[in-house]
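Peer 1: For reference, this is data20.tsv, and it has TSV, C-alpha atoms.
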chain	number	residue	atom	x	y	z
F	449	MET	CA	79.52	-48.39	-100.80
F	450	ALA	CA	78.61	-50.90	-103.50
F	451	GLU	CA	75.12	-50.85	-104.95
F	452	ALA	CA	74.81	-54.58	-104.38
F	453	GLU	CA	75.26	-54.08	-100.65
F	454	LYS	CA	72.60	-51.43	-100.59
F	455	THR	CA	70.02	-53.82	-101.90
F	456	THR	CA	70.93	-56.65	-99.55
F	457	GLY	CA	72.09	-56.12	-96.01
F	458	GLU	CA	72.61	-52.40	-96.13
F	459	LYS	CA	69.11	-51.23	-95.43
F	460	LYS	CA	68.95	-53.07	-92.14
F	461	ASP	CA	72.26	-51.66	-90.90
F	462	GLU	CA	71.02	-48.13	-91.40
F	463	ASN	CA	68.69	-48.66	-88.47
F	464	VAL	CA	71.50	-49.68	-86.13
F	465	VAL	CA	73.29	-47.18	-83.88
F	466	PHE	CA	76.42	-48.68	-82.37
F	467	ILE	CA	77.44	-47.02	-79.10
F	468	GLY	CA	81.11	-46.22	-78.47
F	469	SER	CA	83.23	-43.46	-77.00
F	470	LYS	CA	82.05	-40.47	-79.06
F	471	PRO	CA	80.25	-37.65	-77.22
F	472	PHE	CA	76.98	-38.86	-75.73
F	473	MET	CA	74.75	-36.48	-77.66
F	474	ASN	CA	76.11	-37.75	-81.00
F	475	TYR	CA	74.34	-41.03	-80.38
F	476	VAL	CA	71.17	-39.41	-79.11
F	477	THR	CA	71.04	-37.22	-82.21
F	478	GLY	CA	71.77	-40.24	-84.39
F	479	VAL	CA	68.80	-42.15	-82.99
F	480	VAL	CA	66.45	-39.16	-83.07
F	481	MET	CA	67.39	-38.41	-86.71
F	482	GLN	CA	66.67	-42.00	-87.73
F	483	PHE	CA	63.10	-41.60	-86.55
F	484	THR	CA	62.46	-37.99	-87.55
F	485	LYS	CA	64.44	-37.42	-90.76
F	486	LYS	CA	64.75	-40.90	-92.19
F	487	GLY	CA	61.30	-42.02	-91.12
F	488	SER	CA	62.42	-45.28	-89.57
F	489	ASN	CA	59.89	-47.21	-87.53
F	490	GLU	CA	62.56	-49.06	-85.63
F	491	VAL	CA	66.10	-48.31	-84.49
F	492	ILE	CA	68.39	-50.80	-82.77
F	493	VAL	CA	70.87	-49.44	-80.24
F	494	LYS	CA	73.80	-51.84	-79.87
F	495	ALA	CA	76.79	-51.88	-77.51
F	496	ARG	CA	79.44	-54.16	-76.09
F	497	GLY	CA	81.25	-54.27	-72.74
F	498	LYS	CA	81.48	-51.05	-70.78
F	499	PHE	CA	79.44	-49.19	-73.41
F	500	ILE	CA	76.32	-51.14	-72.43
F	501	SER	CA	75.50	-48.61	-69.67
F	502	ARG	CA	75.72	-45.84	-72.26
F	503	ALA	CA	73.44	-47.68	-74.64
F	504	VAL	CA	70.81	-47.80	-71.88
F	505	ASP	CA	71.33	-44.06	-71.27
F	506	VAL	CA	70.88	-43.35	-74.99
F	507	ALA	CA	67.70	-45.43	-75.12
F	508	GLU	CA	66.28	-43.73	-72.02
F	509	VAL	CA	67.12	-40.18	-73.09
F	510	THR	CA	65.87	-40.60	-76.66
F	511	THR	CA	62.59	-42.27	-75.72
F	512	LYS	CA	61.76	-40.18	-72.65
F	513	ARG	CA	63.12	-36.77	-73.53
F	514	PHE	CA	63.14	-36.51	-77.34
F	515	LEU	CA	60.76	-39.00	-78.89
F	516	ASN	CA	58.17	-39.40	-76.18
F	517	ASP	CA	55.57	-37.37	-78.08
F	518	GLN	CA	56.09	-39.54	-81.15
F	519	GLY	CA	55.26	-42.71	-79.28
F	520	VAL	CA	58.73	-44.24	-79.57
F	521	LYS	CA	59.28	-46.83	-76.86
F	522	VAL	CA	61.64	-49.61	-75.88
F	523	LYS	CA	60.21	-52.62	-77.70
F	524	ASP	CA	62.75	-55.30	-76.95
F	525	ILE	CA	66.04	-55.82	-75.12
F	526	LYS	CA	68.41	-58.69	-75.78
F	527	ILE	CA	71.68	-59.47	-74.04
F	528	ASP	CA	74.29	-61.93	-75.22
F	529	SER	CA	78.04	-62.65	-75.12
F	530	GLU	CA	80.67	-62.63	-77.84
F	531	GLU	CA	84.04	-64.30	-77.74
F	532	PHE	CA	86.98	-62.45	-79.17
F	533	GLU	CA	90.78	-62.52	-79.06
F	534	ASN	CA	92.45	-59.71	-77.15
F	535	LYS	CA	95.83	-58.18	-78.02
F	536	GLU	CA	97.67	-61.00	-76.26
F	537	GLY	CA	95.82	-63.59	-78.34
F	538	LYS	CA	93.78	-64.76	-75.36
F	539	LYS	CA	90.11	-65.56	-75.85
F	540	VAL	CA	87.87	-63.38	-73.75
F	541	ASN	CA	84.13	-62.94	-73.51
F	542	VAL	CA	82.37	-59.64	-73.79
F	543	SER	CA	78.71	-58.99	-73.06
F	544	THR	CA	76.51	-57.33	-75.66
F	545	ILE	CA	73.16	-55.57	-75.65
F	546	GLU	CA	70.62	-54.80	-78.37
F	547	ILE	CA	67.86	-52.38	-77.48
F	548	THR	CA	65.11	-52.12	-80.07
F	549	LEU	CA	63.29	-48.79	-80.10
F	550	GLY	CA	60.12	-48.49	-82.12
F	551	LYS	CA	56.76	-46.82	-82.57
O	469	MET	CA	65.13	-56.19	-39.37
O	470	ALA	CA	61.60	-56.16	-37.91
O	471	GLU	CA	59.59	-59.35	-38.00
O	472	ALA	CA	56.72	-57.51	-39.66
O	473	GLU	CA	58.94	-56.64	-42.60
O	474	LYS	CA	60.07	-60.20	-42.95
O	475	THR	CA	56.54	-61.38	-43.52
O	476	THR	CA	55.67	-58.67	-46.02
O	477	GLY	CA	58.23	-57.26	-48.46
O	478	GLU	CA	61.24	-59.13	-47.21
O	479	LYS	CA	60.82	-62.39	-49.06
O	480	LYS	CA	60.78	-60.70	-52.42
O	481	ASP	CA	63.95	-58.72	-51.71
O	482	GLU	CA	65.84	-61.91	-51.02
O	483	ASN	CA	65.67	-62.67	-54.72
O	484	VAL	CA	67.26	-59.38	-55.72
O	485	VAL	CA	71.00	-59.01	-56.29
O	486	PHE	CA	72.00	-55.36	-56.52
O	487	ILE	CA	75.21	-54.84	-58.51
O	488	GLY	CA	77.82	-52.39	-57.22
O	489	SER	CA	81.58	-52.11	-56.91
O	490	LYS	CA	82.36	-55.29	-54.97
O	491	PRO	CA	84.49	-57.94	-56.70
O	492	PHE	CA	82.69	-59.35	-59.72
O	493	MET	CA	82.60	-62.94	-58.48
O	494	ASN	CA	80.78	-61.90	-55.30
O	495	TYR	CA	77.73	-61.12	-57.40
O	496	VAL	CA	78.05	-64.22	-59.54
O	497	THR	CA	78.27	-66.36	-56.40
O	498	GLY	CA	75.33	-64.49	-54.91
O	499	VAL	CA	73.11	-65.26	-57.89
O	500	VAL	CA	74.25	-68.88	-58.17
O	501	MET	CA	73.63	-69.46	-54.44
O	502	GLN	CA	70.10	-68.07	-54.71
O	503	PHE	CA	69.27	-70.76	-57.23
O	504	THR	CA	71.26	-73.67	-55.82
O	505	LYS	CA	71.18	-73.27	-52.02
O	506	LYS	CA	68.04	-71.25	-51.47
O	507	GLY	CA	66.05	-72.95	-54.20
O	508	SER	CA	64.80	-69.75	-55.80
O	509	ASN	CA	63.06	-70.03	-59.15
O	510	GLU	CA	63.76	-66.45	-60.01
O	511	VAL	CA	66.50	-63.93	-59.24
O	512	ILE	CA	66.45	-60.29	-60.29
O	513	VAL	CA	69.78	-58.63	-61.02
O	514	LYS	CA	69.49	-54.86	-60.60
O	515	ALA	CA	71.91	-52.01	-61.29
O	516	ARG	CA	72.07	-48.29	-61.87
O	517	GLY	CA	74.32	-46.06	-63.97
O	518	LYS	CA	77.77	-47.38	-64.82
O	519	PHE	CA	77.06	-50.67	-63.04
O	520	ILE	CA	74.53	-51.63	-65.72
O	521	SER	CA	77.31	-53.14	-67.87
O	522	ARG	CA	78.36	-55.26	-64.90
O	523	ALA	CA	74.82	-56.43	-64.31
O	524	VAL	CA	74.74	-57.73	-67.88
O	525	ASP	CA	78.10	-59.46	-67.32
O	526	VAL	CA	76.76	-61.09	-64.14
O	527	ALA	CA	73.63	-62.27	-65.95
O	528	GLU	CA	75.65	-63.67	-68.86
O	529	VAL	CA	78.26	-65.43	-66.72
O	530	THR	CA	75.75	-66.96	-64.31
O	531	THR	CA	73.36	-68.22	-66.98
O	532	LYS	CA	75.93	-69.41	-69.52
O	533	ARG	CA	78.78	-70.65	-67.34
O	534	PHE	CA	77.28	-71.68	-63.99
O	535	LEU	CA	73.56	-72.33	-64.28
O	536	ASN	CA	73.26	-73.43	-67.89
O	537	ASP	CA	72.74	-77.09	-66.94
O	538	GLN	CA	69.95	-76.08	-64.57
O	539	GLY	CA	68.01	-74.36	-67.28
O	540	VAL	CA	68.34	-70.87	-65.83
O	541	LYS	CA	67.83	-68.26	-68.54
O	542	VAL	CA	67.27	-64.54	-68.96
O	543	LYS	CA	63.48	-64.23	-68.74
O	544	ASP	CA	62.97	-60.49	-68.87
O	545	ILE	CA	64.95	-57.25	-69.08
O	546	LYS	CA	63.58	-53.87	-68.12
O	547	ILE	CA	65.29	-50.49	-68.35
O	548	ASP	CA	64.12	-47.27	-66.73
O	549	SER	CA	65.37	-43.96	-65.31
O	550	GLU	CA	65.42	-42.61	-61.78
O	551	GLU	CA	65.77	-38.99	-60.75
O	552	PHE	CA	67.92	-38.22	-57.74
O	553	GLU	CA	69.70	-35.28	-56.18
O	554	ASN	CA	73.47	-35.26	-56.43
O	555	LYS	CA	75.85	-33.83	-53.82
O	556	GLU	CA	75.34	-30.32	-55.17
O	557	GLY	CA	71.58	-30.63	-54.79
O	558	LYS	CA	71.08	-30.79	-58.54
O	559	LYS	CA	68.50	-33.19	-59.93
O	560	VAL	CA	70.05	-35.74	-62.24
O	561	ASN	CA	68.74	-38.80	-64.04
O	562	VAL	CA	70.31	-42.20	-63.81
O	563	SER	CA	69.41	-45.21	-65.93
O	564	THR	CA	68.46	-48.49	-64.28
O	565	ILE	CA	68.24	-52.11	-65.37
O	566	GLU	CA	66.43	-55.14	-64.00
O	567	ILE	CA	67.36	-58.50	-65.44
O	568	THR	CA	65.11	-61.35	-64.38
O	569	LEU	CA	66.78	-64.76	-64.39
O	570	GLY	CA	64.61	-67.82	-64.01
O	571	LYS	CA	64.10	-71.50	-64.73
Can you give me the file's structure in the form of structure tokens?

Peer 2:
Amino acid sequence: MAEAEKTTGEKKDENVVFIGSKPFMNYVTGVVMQFTKKGSNEVIVKARGKFISRAVDVAEVTTKRFLNDQGVKVKDIKIDSEEFENKEGKKVNVSTIEITLGK
Amino acid sequence: MAEAEKTTGEKKDENVVFIGSKPFMNYVTGVVMQFTKKGSNEVIVKARGKFISRAVDVAEVTTKRFLNDQGVKVKDIKIDSEEFENKEGKKVNVSTIEITLGK
């Protein structure tokens, strides 16, 4: 990754965990590591469509089971919609969620 | 339902739309009707587990497509976990969401 990126937008993206179809615990570990190893004060869990339920699961499990004793809590939740073109070229809307976890 | 219940907790429950596996538009219509026919100022969209994604879809579609001109917006979002016993008698956690829509 280019050095220029590192100094601009890169740092922020490090604190984002985007939820998809990998094993559930991968995401939990990812969030926990951000707080414990990388010393982040804030991690944003993002998801779209059907992965939104999983994002909520990740937020709940990390805050209540793994990071409870470190005072990490759900600080903010935002929902929104994005428009994108599907394979058939049709415009469809997908819901999104951003859950901000922080100390 | 008993008359006593109607005068106590009942009124509040009328403003809650619980998302499950019925057709998507049933829930959208349910929320829209609460605001337009019943004159509610606030409707809470609730869901558990995999239906959380749907609850976000319902909130997005109702506020952006149907009730936008009436100034209905997402006012608050809460996530939590509930413990319950599954069929095998094992205690499992399920995530929950409550999305408050209001004028």

Peer 1: For each of O:Ser521, O:Asn509, O:Thr497, O:Gln538, take the minimum atom-to-atom distance to chain F, counting all atoms listed in the file, then give the residue where this is smallest.

Peer 2: O:Ser521

Peer 1: Can you give chain F as a short mmCIF file (atom, residue, chain, number, x, y, z; two decimals) with C-alpha atoms, keeping the file's coordinate frame after you superpose it on chain O, pairing all C-alpha atoms in order for the least-squares fit?

Peer 2:
data_model
loop_
_atom_site.label_atom_id
_atom_site.label_comp_id
_atom_site.auth_asym_id
_atom_site.auth_seq_id
_atom_site.Cartn_x
_atom_site.Cartn_y
_atom_site.Cartn_z
CA MET F 449 65.39 -57.27 -39.17
CA ALA F 450 61.84 -57.06 -37.83
CA GLU F 451 59.59 -60.07 -38.12
CA ALA F 452 56.86 -57.92 -39.63
CA GLU F 453 59.13 -57.04 -42.53
CA LYS F 454 59.92 -60.66 -43.14
CA THR F 455 56.30 -61.47 -43.72
CA THR F 456 55.64 -58.53 -46.02
CA GLY F 457 58.18 -57.17 -48.43
CA GLU F 458 61.19 -59.05 -47.22
CA LYS F 459 60.75 -62.27 -49.10
CA LYS F 460 60.76 -60.54 -52.45
CA ASP F 461 63.94 -58.59 -51.72
CA GLU F 462 65.81 -61.79 -51.00
CA ASN F 463 65.63 -62.58 -54.70
CA VAL F 464 67.23 -59.29 -55.71
CA VAL F 465 70.99 -58.93 -56.27
CA PHE F 466 72.00 -55.30 -56.54
CA ILE F 467 75.21 -54.79 -58.52
CA GLY F 468 77.83 -52.33 -57.24
CA SER F 469 81.58 -52.06 -56.92
CA LYS F 470 82.37 -55.24 -54.96
CA PRO F 471 84.49 -57.90 -56.68
CA PHE F 472 82.70 -59.32 -59.71
CA MET F 473 82.59 -62.90 -58.47
CA ASN F 474 80.77 -61.85 -55.28
CA TYR F 475 77.72 -61.07 -57.37
CA VAL F 476 78.03 -64.18 -59.50
CA THR F 477 78.24 -66.31 -56.36
CA GLY F 478 75.31 -64.42 -54.86
CA VAL F 479 73.09 -65.21 -57.84
CA VAL F 480 74.22 -68.83 -58.11
CA MET F 481 73.59 -69.39 -54.37
CA GLN F 482 70.07 -67.99 -54.66
CA PHE F 483 69.23 -70.69 -57.17
CA THR F 484 71.22 -73.59 -55.74
CA LYS F 485 71.14 -73.15 -51.95
CA LYS F 486 68.00 -71.13 -51.40
CA GLY F 487 66.00 -72.84 -54.12
CA SER F 488 64.75 -69.66 -55.73
CA ASN F 489 63.02 -69.96 -59.08
CA GLU F 490 63.72 -66.37 -59.97
CA VAL F 491 66.47 -63.87 -59.20
CA ILE F 492 66.43 -60.22 -60.26
CA VAL F 493 69.77 -58.59 -61.02
CA LYS F 494 69.49 -54.81 -60.61
CA ALA F 495 71.93 -51.98 -61.33
CA ARG F 496 72.08 -48.25 -61.92
CA GLY F 497 74.36 -46.05 -64.04
CA LYS F 498 77.79 -47.38 -64.87
CA PHE F 499 77.06 -50.66 -63.06
CA ILE F 500 74.55 -51.63 -65.75
CA SER F 501 77.33 -53.17 -67.90
CA ARG F 502 78.37 -55.27 -64.91
CA ALA F 503 74.83 -56.43 -64.31
CA VAL F 504 74.74 -57.74 -67.89
CA ASP F 505 78.10 -59.47 -67.30
CA VAL F 506 76.76 -61.08 -64.12
CA ALA F 507 73.62 -62.28 -65.91
CA GLU F 508 75.64 -63.69 -68.82
CA VAL F 509 78.25 -65.44 -66.68
CA THR F 510 75.74 -66.95 -64.25
CA THR F 511 73.35 -68.22 -66.91
CA LYS F 512 75.92 -69.43 -69.44
CA ARG F 513 78.76 -70.66 -67.27
CA PHE F 514 77.25 -71.66 -63.91
CA LEU F 515 73.54 -72.32 -64.21
CA ASN F 516 73.24 -73.44 -67.80
CA ASP F 517 72.70 -77.08 -66.83
CA GLN F 518 69.92 -76.06 -64.46
CA GLY F 519 67.96 -74.35 -67.20
CA VAL F 520 68.30 -70.84 -65.77
CA LYS F 521 67.82 -68.24 -68.48
CA VAL F 522 67.26 -64.53 -68.93
CA LYS F 523 63.48 -64.21 -68.71
CA ASP F 524 62.98 -60.48 -68.86
CA ILE F 525 64.95 -57.24 -69.10
CA LYS F 526 63.59 -53.84 -68.16
CA ILE F 527 65.32 -50.48 -68.39
CA ASP F 528 64.15 -47.27 -66.80
CA SER F 529 65.42 -43.95 -65.39
CA GLU F 530 65.45 -42.57 -61.86
CA GLU F 531 65.81 -38.97 -60.85
CA PHE F 532 67.95 -38.17 -57.87
CA GLU F 533 69.74 -35.21 -56.29
CA ASN F 534 73.52 -35.21 -56.54
CA LYS F 535 75.88 -33.76 -53.92
CA GLU F 536 75.39 -30.24 -55.29
CA GLY F 537 71.62 -30.55 -54.93
CA LYS F 538 71.11 -30.73 -58.69
CA LYS F 539 68.56 -33.15 -60.08
CA VAL F 540 70.10 -35.71 -62.38
CA ASN F 541 68.79 -38.77 -64.14
CA VAL F 542 70.34 -42.17 -63.90
CA SER F 543 69.44 -45.19 -66.00
CA THR F 544 68.49 -48.47 -64.34
CA ILE F 545 68.26 -52.08 -65.42
CA GLU F 546 66.42 -55.10 -64.02
CA ILE F 547 67.36 -58.47 -65.44
CA THR F 548 65.10 -61.31 -64.36
CA LEU F 549 66.76 -64.73 -64.36
CA GLY F 550 64.58 -67.78 -63.95
CA LYS F 551 64.07 -71.46 -64.66
#

Peer 1: Mind giving me the straight-line distance from atom CA of F:Ser543 to atom CA of O:Val499 in Å, one decimal?

Peer 2: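 Spanning atom CA of F:Ser543 to atom CA of O:Val499 is a straight-line distance of 17.3 Å.
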
Peer 1: Applying 12 Å and all atoms listed in the file, which residues near F:Phe472 remain after dropping the ones on its own chain fewer than 4 positions away? List them as a ChimeraX atom specification.

Peer 2: /F:466-468,476-479,499,501-507,509-510

Peer 1: Could you write out the selected residues, including C-alpha atoms, as a PDB file, keeping the file's coordinate frame?

Peer 2:
ATOM      1  CA  PHE F 466      76.420 -48.680 -82.370  1.00  0.00           C
ATOM      2  CA  ILE F 467      77.440 -47.020 -79.100  1.00  0.00           C
ATOM      3  CA  GLY F 468      81.110 -46.220 -78.470  1.00  0.00           C
ATOM      4  CA  VAL F 476      71.170 -39.410 -79.110  1.00  0.00           C
ATOM      5  CA  THR F 477      71.040 -37.220 -82.210  1.00  0.00           C
ATOM      6  CA  GLY F 478      71.770 -40.240 -84.390  1.00  0.00           C
ATOM      7  CA  VAL F 479      68.800 -42.150 -82.990  1.00  0.00           C
ATOM      8  CA  PHE F 499      79.440 -49.190 -73.410  1.00  0.00           C
ATOM      9  CA  SER F 501      75.500 -48.610 -69.670  1.00  0.00           C
ATOM     10  CA  ARG F 502      75.720 -45.840 -72.260  1.00  0.00           C
ATOM     11  CA  ALA F 503      73.440 -47.680 -74.640  1.00  0.00           C
ATOM     12  CA  VAL F 504      70.810 -47.800 -71.880  1.00  0.00           C
ATOM     13  CA  ASP F 505      71.330 -44.060 -71.270  1.00  0.00           C
ATOM     14  CA  VAL F 506      70.880 -43.350 -74.990  1.00  0.00           C
ATOM     15  CA  ALA F 507      67.700 -45.430 -75.120  1.00  0.00           C
ATOM     16  CA  VAL F 509      67.120 -40.180 -73.090  1.00  0.00           C
ATOM     17  CA  THR F 510      65.870 -40.600 -76.660  1.00  0.00           C
TER      18      THR F 510
END

Peer 1: Near chain O, which residues of chain F fall within 12 Å when you count only C-alpha atoms, and what do they look like as a PyMOL selection string?

Peer 2: chain F and resi 495-513+521-530+541-548

Peer 1: At what distance in Å, to one decimal, does atom CA of F:Lys551 lie from atom CA of F:Gly487?

Peer 2: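 Going from atom CA of F:Gly487 over to atom CA of F:Lys551 covers 10.8 Å.
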
Peer 1: Using Å and a single decimal, report how far atom CA of O:Gly570 sits from atom CA of O:Asp537.

Peer 2: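 Spanning atom CA of O:Asp537 to atom CA of O:Gly570 is a straight-line distance of 12.7 Å.
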
Peer 1: Which of these residues is nearest to F:Lys494, using only C-alpha atoms: F:Met481, F:Val540, F:Val465, F:Leu549?

Peer 2: F:Val465

Peer 1: Looking at all atoms listed in the file, which of O:Ile512, O:Lys559, O:Asn554, O:Val540 is the one that sits closest to O:Val484?

Peer 2: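 Closest to O:Val484 of all the choices is O:Ile512.
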
Peer 1: Using all atoms of stretch 464-479 of chain F listed in the file and a margin of 4 Å per side, can you give the axis-aligned box centre and edge lengths in Å to one decimal, as JSON?

Peer 2:
{"center_x": 76.0, "center_y": -43.1, "center_z": -80.9, "size_x": 22.4, "size_y": 21.2, "size_z": 18.4}

Peer 1: Between O:Ser508, O:Val500, O:Asn483, O:Tyr495, which residue has the minimum interatomic distance to O:Phe534, considering all atoms listed in the file?

Peer 2: O:Val500

Peer 1: Since the input lacks some atoms of stretch 520-537 of chain O, please model N, CA and C atoms and print them as an mmCIF file, in the frame of the given file.

Peer 2:
data_model
loop_
_atom_site.group_PDB
_atom_site.id
_atom_site.type_symbol
_atom_site.label_atom_id
_atom_site.label_comp_id
_atom_site.auth_asym_id
_atom_site.auth_seq_id
_atom_site.Cartn_x
_atom_site.Cartn_y
_atom_site.Cartn_z
ATOM 1 N N ILE O 520 75.427 -50.890 -64.821
ATOM 2 C CA ILE O 520 74.530 -51.630 -65.720
ATOM 3 C C ILE O 520 75.311 -52.640 -66.567
ATOM 4 N N SER O 521 76.475 -52.231 -67.077
ATOM 5 C CA SER O 521 77.310 -53.140 -67.870
ATOM 6 C C SER O 521 77.684 -54.382 -67.064
ATOM 7 N N ARG O 522 77.992 -54.155 -65.798
ATOM 8 C CA ARG O 522 78.360 -55.260 -64.900
ATOM 9 C C ARG O 522 77.195 -56.198 -64.641
ATOM 10 N N ALA O 523 76.009 -55.614 -64.532
ATOM 11 C CA ALA O 523 74.820 -56.430 -64.310
ATOM 12 C C ALA O 523 74.614 -57.390 -65.478
ATOM 13 N N VAL O 524 74.855 -56.880 -66.696
ATOM 14 C CA VAL O 524 74.740 -57.730 -67.880
ATOM 15 C C VAL O 524 75.807 -58.827 -67.855
ATOM 16 N N ASP O 525 77.024 -58.458 -67.458
ATOM 17 C CA ASP O 525 78.100 -59.460 -67.320
ATOM 18 C C ASP O 525 77.705 -60.543 -66.307
ATOM 19 N N VAL O 526 77.162 -60.133 -65.176
ATOM 20 C CA VAL O 526 76.760 -61.090 -64.140
ATOM 21 C C VAL O 526 75.679 -62.026 -64.681
ATOM 22 N N ALA O 527 74.708 -61.457 -65.378
ATOM 23 C CA ALA O 527 73.630 -62.270 -65.950
ATOM 24 C C ALA O 527 74.167 -63.267 -66.967
ATOM 25 N N GLU O 528 75.081 -62.809 -67.817
ATOM 26 C CA GLU O 528 75.650 -63.670 -68.860
ATOM 27 C C GLU O 528 76.500 -64.791 -68.260
ATOM 28 N N VAL O 529 77.362 -64.432 -67.315
ATOM 29 C CA VAL O 529 78.260 -65.430 -66.720
ATOM 30 C C VAL O 529 77.474 -66.466 -65.909
ATOM 31 N N THR O 530 76.508 -66.003 -65.132
ATOM 32 C CA THR O 530 75.750 -66.960 -64.310
ATOM 33 C C THR O 530 74.922 -67.905 -65.173
ATOM 34 N N THR O 531 74.232 -67.352 -66.171
ATOM 35 C CA THR O 531 73.360 -68.220 -66.980
ATOM 36 C C THR O 531 74.155 -69.121 -67.908
ATOM 37 N N LYS O 532 75.218 -68.605 -68.518
ATOM 38 C CA LYS O 532 75.930 -69.410 -69.520
ATOM 39 C C LYS O 532 77.019 -70.303 -68.941
ATOM 40 N N ARG O 533 77.664 -69.861 -67.843
ATOM 41 C CA ARG O 533 78.780 -70.650 -67.340
ATOM 42 C C ARG O 533 78.415 -71.508 -66.120
ATOM 43 N N PHE O 534 77.542 -70.977 -65.249
ATOM 44 C CA PHE O 534 77.280 -71.680 -63.990
ATOM 45 C C PHE O 534 75.928 -72.371 -63.901
ATOM 46 N N LEU O 535 74.906 -71.804 -64.495
ATOM 47 C CA LEU O 535 73.560 -72.330 -64.280
ATOM 48 C C LEU O 535 72.917 -72.842 -65.563
ATOM 49 N N ASN O 536 73.735 -72.981 -66.589
ATOM 50 C CA ASN O 536 73.260 -73.430 -67.890
ATOM 51 C C ASN O 536 72.592 -74.807 -67.798
ATOM 52 N N ASP O 537 73.251 -75.718 -67.050
ATOM 53 C CA ASP O 537 72.740 -77.090 -66.940
ATOM 54 C C ASP O 537 71.485 -77.178 -66.062
#
